[in-house]
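The structure appears below as structure tokens.
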Amino acid sequence: MRTKILVIDDEESLCEILQFNLRMEGYDVDTALSAEEALTMDLTQYNLFIVDIMMGKLSGFDFASRVLNMPGVEFTPIIFCSALVGDDEKVMGLNIGADDYITKPFNIPEVKARVRAVLRRANIQGKPMDTNTSAAAAPVQPVKPHLEENVTFGTLTLDRNKKNCTLDGHPVQLTRTEYDLLLFFLTHRARVYSREEIIDQVWGGDVVISNRTIDTNIARLRKKIAQYGNCIVTRQGFGYGFKETE
């Protein structure tokens, strides 16, 4: 199956432009003219959402907040695409759990590059369009899933297969960004990393992220992991690290 993208924007012409150009890249692209319409669809079939912020009754932020708590959809990447260009809007969107933010007016090559970067980070590979429709389809061979080991630190556990977190056996609700940050810290202990290194490993080098966004996400993560929050240490002028000792 090819990668599926849902574009949500109340400007029909913009939906059509994105749909046409992303289809040319080999993606399957559907559109919705409101967040309300999108929420009536089977969202589990999509690998990426591109969402406008300023829409009707429900904003793009409202849509993101809902799907990030929706089973089967909570880890689907989100790119906000909006005419709101202020840093506060960008930070709010990224803090909600979005993976990138594109400002309008945009250029199509940039959109394509950011889509590829976000999908790459999510380990979703777009497949090229099949131009040989007369060829017989090869039989599909069953693929044995590759299971990754859990990451543990004291009573804190990240299930890398189910993409969830538990603390003292109780679930901890993390956004995708918070999950990725915690996974990075737990697998890269005993060293301080600069903000640039963290951006490259967690958000991807193709994404422009402010220092405030990193600091806000880490502050929220510290609170959610309770007694282990103090293990995420700040080195003023350098960056962040994770202590090996509890």
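Identifiers for the structure tokens are assigned positionally: chains receive A, B, ... in sequence, residues are indexed from 1 per chain, and ligands are indexed from 1 in the order shown.
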- Message: Using DSSP secondary structure from the backbone, list all helix (DSSP H, G or I) positions within range 4-240 of chain A, as JSON, numbers by chain.
- Response: {"A": [12, 13, 14, 15, 16, 17, 18, 19, 20, 21, 22, 23, 24, 35, 36, 37, 38, 39, 43, 44, 45, 60, 61, 62, 63, 64, 65, 66, 67, 87, 88, 89, 90, 91, 92, 93, 94, 95, 96, 108, 109, 110, 111, 112, 113, 114, 115, 116, 117, 118, 119, 120, 121, 176, 177, 178, 179, 180, 181, 182, 183, 184, 185, 186, 187, 195, 196, 197, 198, 199, 200, 201, 202, 203, 211, 212, 213, 214, 215, 216, 217, 218, 219, 220, 221, 222, 223, 224, 226, 227, 228, 229, 230, 231]}
- Item | Long-range neighbours of range 94-98 of chain A as a PyMOL selection string, 7 Å cut-off, only C-alpha atoms, 3 positions minimum in chain | chain A and resi 65+77-79+90-91+175-177+213+217
May I have the selected residues written with N, CA and C atoms, as a compact mmCIF listing (two decimals), in the first residue's frame?
```txt
# COMPACT_ATOMS: atom_id res chain seq x y z
N SER A 65 -5.57 17.96 18.97
CA SER A 65 -5.77 17.55 20.36
C SER A 65 -6.65 16.31 20.46
N PRO A 77 1.70 11.26 12.34
CA PRO A 77 2.33 12.58 12.28
C PRO A 77 1.36 13.65 11.78
N ILE A 78 1.57 14.88 12.28
CA ILE A 78 0.75 16.02 11.89
C ILE A 78 1.65 17.18 11.47
N ILE A 79 1.33 17.77 10.32
CA ILE A 79 1.99 19.00 9.88
C ILE A 79 0.93 20.09 9.84
N LYS A 90 3.40 28.86 16.33
CA LYS A 90 4.27 27.73 15.99
C LYS A 90 4.57 26.90 17.23
N VAL A 91 4.92 27.57 18.32
CA VAL A 91 5.25 26.86 19.56
C VAL A 91 4.03 26.10 20.07
N THR A 175 2.72 12.83 24.53
CA THR A 175 2.56 13.15 23.11
C THR A 175 3.66 12.44 22.34
N ARG A 176 3.54 12.44 21.02
CA ARG A 176 4.58 11.79 20.22
C ARG A 176 5.95 12.43 20.47
N THR A 177 5.99 13.76 20.55
CA THR A 177 7.26 14.44 20.77
C THR A 177 7.84 14.09 22.13
N THR A 213 10.69 25.83 22.18
CA THR A 213 9.91 24.60 21.96
C THR A 213 10.56 23.42 22.66
N ASN A 217 8.82 21.40 25.90
CA ASN A 217 8.54 19.96 25.83
C ASN A 217 9.28 19.20 26.93
```
Name the residues in contact with Tyr240 in chain A at a cut-off of 9 Å, using only C-alpha atoms, excluding same-chain residues fewer than 3 positions from it; report them as an mmCIF file with N, CA, C and O atoms, in the first residue's frame.
```cif
data_model
loop_
_atom_site.group_PDB
_atom_site.id
_atom_site.type_symbol
_atom_site.label_atom_id
_atom_site.label_comp_id
_atom_site.auth_asym_id
_atom_site.auth_seq_id
_atom_site.Cartn_x
_atom_site.Cartn_y
_atom_site.Cartn_z
ATOM 1 N N PHE A 185 16.515 10.239 25.400
ATOM 2 C CA PHE A 185 17.276 10.374 26.637
ATOM 3 C C PHE A 185 17.604 9.014 27.256
ATOM 4 O O PHE A 185 18.718 8.789 27.736
ATOM 5 N N ARG A 191 25.504 11.681 29.005
ATOM 6 C CA ARG A 191 26.187 12.678 28.191
ATOM 7 C C ARG A 191 25.249 13.852 27.970
ATOM 8 O O ARG A 191 24.035 13.666 27.854
ATOM 9 N N VAL A 192 25.814 15.052 27.927
ATOM 10 C CA VAL A 192 25.015 16.250 27.666
ATOM 11 C C VAL A 192 24.987 16.498 26.164
ATOM 12 O O VAL A 192 26.020 16.462 25.500
ATOM 13 N N TYR A 193 23.775 16.731 25.640
ATOM 14 C CA TYR A 193 23.587 16.985 24.208
ATOM 15 C C TYR A 193 23.134 18.423 24.001
ATOM 16 O O TYR A 193 22.305 18.941 24.752
ATOM 17 N N SER A 194 23.665 19.041 22.980
ATOM 18 C CA SER A 194 23.245 20.401 22.651
ATOM 19 C C SER A 194 21.814 20.373 22.119
ATOM 20 O O SER A 194 21.303 19.332 21.689
ATOM 21 N N ARG A 195 21.175 21.531 22.119
ATOM 22 C CA ARG A 195 19.823 21.611 21.564
ATOM 23 C C ARG A 195 19.826 21.224 20.085
ATOM 24 O O ARG A 195 18.883 20.607 19.596
ATOM 25 N N ILE A 198 19.782 17.497 19.828
ATOM 26 C CA ILE A 198 18.470 16.957 20.195
ATOM 27 C C ILE A 198 17.465 17.189 19.072
ATOM 28 O O ILE A 198 16.667 16.306 18.735
ATOM 29 N N ILE A 232 16.607 14.247 34.085
ATOM 30 C CA ILE A 232 16.888 15.065 32.891
ATOM 31 C C ILE A 232 17.534 16.352 33.395
ATOM 32 O O ILE A 232 16.879 17.200 33.984
ATOM 33 N N VAL A 233 18.812 16.466 33.199
ATOM 34 C CA VAL A 233 19.566 17.582 33.770
ATOM 35 C C VAL A 233 19.829 18.648 32.708
ATOM 36 O O VAL A 233 19.954 18.351 31.516
ATOM 37 N N THR A 234 19.916 19.895 33.177
ATOM 38 C CA THR A 234 20.217 21.034 32.308
ATOM 39 C C THR A 234 21.644 21.494 32.575
ATOM 40 O O THR A 234 22.024 21.672 33.737
ATOM 41 N N ARG A 235 22.404 21.671 31.517
ATOM 42 C CA ARG A 235 23.733 22.255 31.644
ATOM 43 C C ARG A 235 23.702 23.598 30.931
ATOM 44 O O ARG A 235 23.688 23.641 29.694
ATOM 45 N N GLN A 236 23.629 24.655 31.724
ATOM 46 C CA GLN A 236 23.474 25.995 31.181
ATOM 47 C C GLN A 236 24.544 26.298 30.140
ATOM 48 O O GLN A 236 25.739 26.128 30.373
#
```
- Message: What's the separation between CA of Phe153 in chain A and CA of Leu181 in chain A, in Å to one decimal place?
- Response: 14.5 Å
- Using only C-alpha atoms, which residues sit within 12 Å of Gln45 in chain A once same-chain residues fewer than 6 positions away are excluded, as a ChimeraX atom specification? /A:1-6,28-30,72-73,76
Considering only C-alpha atoms, return as a PDB file with all heavy atoms, in the first residue's frame whatever protein or nucleic-acid residues lie within 6 Å of Thr166 in chain A, sequence-local ones (same chain, fewer than 5 positions apart) excluded.
```pdb
ATOM      1  N   LEU A 156      10.361   3.039  35.326  1.00  0.00           N
ATOM      2  CA  LEU A 156       9.906   3.734  34.119  1.00  0.00           C
ATOM      3  C   LEU A 156      10.171   2.836  32.919  1.00  0.00           C
ATOM      4  O   LEU A 156      11.291   2.359  32.731  1.00  0.00           O
ATOM      5  CB  LEU A 156      10.659   5.056  33.969  1.00  0.00           C
ATOM      6  CG  LEU A 156      10.266   5.995  32.829  1.00  0.00           C
ATOM      7  CD1 LEU A 156       8.851   6.523  33.027  1.00  0.00           C
ATOM      8  CD2 LEU A 156      11.253   7.158  32.749  1.00  0.00           C
ATOM      9  N   THR A 157       9.149   2.590  32.112  1.00  0.00           N
ATOM     10  CA  THR A 157       9.283   1.680  30.971  1.00  0.00           C
ATOM     11  C   THR A 157       8.681   2.286  29.709  1.00  0.00           C
ATOM     12  O   THR A 157       7.569   2.820  29.734  1.00  0.00           O
ATOM     13  CB  THR A 157       8.576   0.332  31.249  1.00  0.00           C
ATOM     14  OG1 THR A 157       9.163  -0.275  32.404  1.00  0.00           O
ATOM     15  CG2 THR A 157       8.723  -0.609  30.058  1.00  0.00           C
ATOM     16  N   PRO A 171      -0.039   3.748  33.271  1.00  0.00           N
ATOM     17  CA  PRO A 171       0.226   4.419  31.997  1.00  0.00           C
ATOM     18  C   PRO A 171       0.500   5.904  32.172  1.00  0.00           C
ATOM     19  O   PRO A 171      -0.104   6.564  33.009  1.00  0.00           O
ATOM     20  CB  PRO A 171      -1.064   4.174  31.190  1.00  0.00           C
ATOM     21  CG  PRO A 171      -2.116   3.908  32.218  1.00  0.00           C
ATOM     22  CD  PRO A 171      -1.424   3.232  33.353  1.00  0.00           C
ATOM     23  N   VAL A 172       1.417   6.412  31.372  1.00  0.00           N
ATOM     24  CA  VAL A 172       1.739   7.838  31.335  1.00  0.00           C
ATOM     25  C   VAL A 172       1.382   8.339  29.940  1.00  0.00           C
ATOM     26  O   VAL A 172       1.875   7.815  28.936  1.00  0.00           O
ATOM     27  CB  VAL A 172       3.233   8.088  31.615  1.00  0.00           C
ATOM     28  CG1 VAL A 172       3.547   9.585  31.535  1.00  0.00           C
ATOM     29  CG2 VAL A 172       3.636   7.519  32.960  1.00  0.00           C
TER      30      VAL A 172
END
```
- Task: Determine, counting only C-alpha atoms, which protein, DNA and RNA residues have an atom within 10 Å of an atom of range 47-58 of chain A; residues of the same chain fewer than 5 positions away are not included. Present the result as JSON, numbers by chain.
- Result: {"A": [2, 3, 4, 5, 6, 7, 8, 9, 10, 11, 15, 18, 28, 29, 30, 31, 32, 33, 34, 35, 36, 38, 63, 64, 73, 75, 76, 77, 78, 79, 80, 81, 82, 83, 84, 89, 93, 98, 99, 100, 101, 102, 103, 104, 111, 115, 118, 119, 122, 124, 125, 126]}
- What is the distance between CA of Ile218 in chain A and CA of Ala113 in chain A, in Å to one decimal?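 These two atoms are separated by 26.8 Å.
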- Query: What does the distance from CA of Glu148 in chain A to CA of Arg160 in chain A come to in Å, to one decimal?
  - Reply: 6.0 Å
- Just list the residues in range 26-208 of chain A DSSP gives strand (DSSP E) on the backbone, as a PyMOL selection string. chain A and resi 28-32+48-51+78-82+100-103+151-153+156-159+164-167+170-172+192-194
- Looking at only C-alpha atoms, which of A:Glu196, A:Lys112, A:Thr155, A:Ala190 is the one that sits closest to Phe238 in chain A?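 The closest residue to Phe238 in chain A is A:Glu196.
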- Query: Which is closer to Ala226 in chain A than all the others in A:Ala117, A:Thr44, A:Leu167, A:Asp159, using only C-alpha atoms?
  - Reply: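 The answer is A:Leu167, which sits nearest to Ala226 in chain A.
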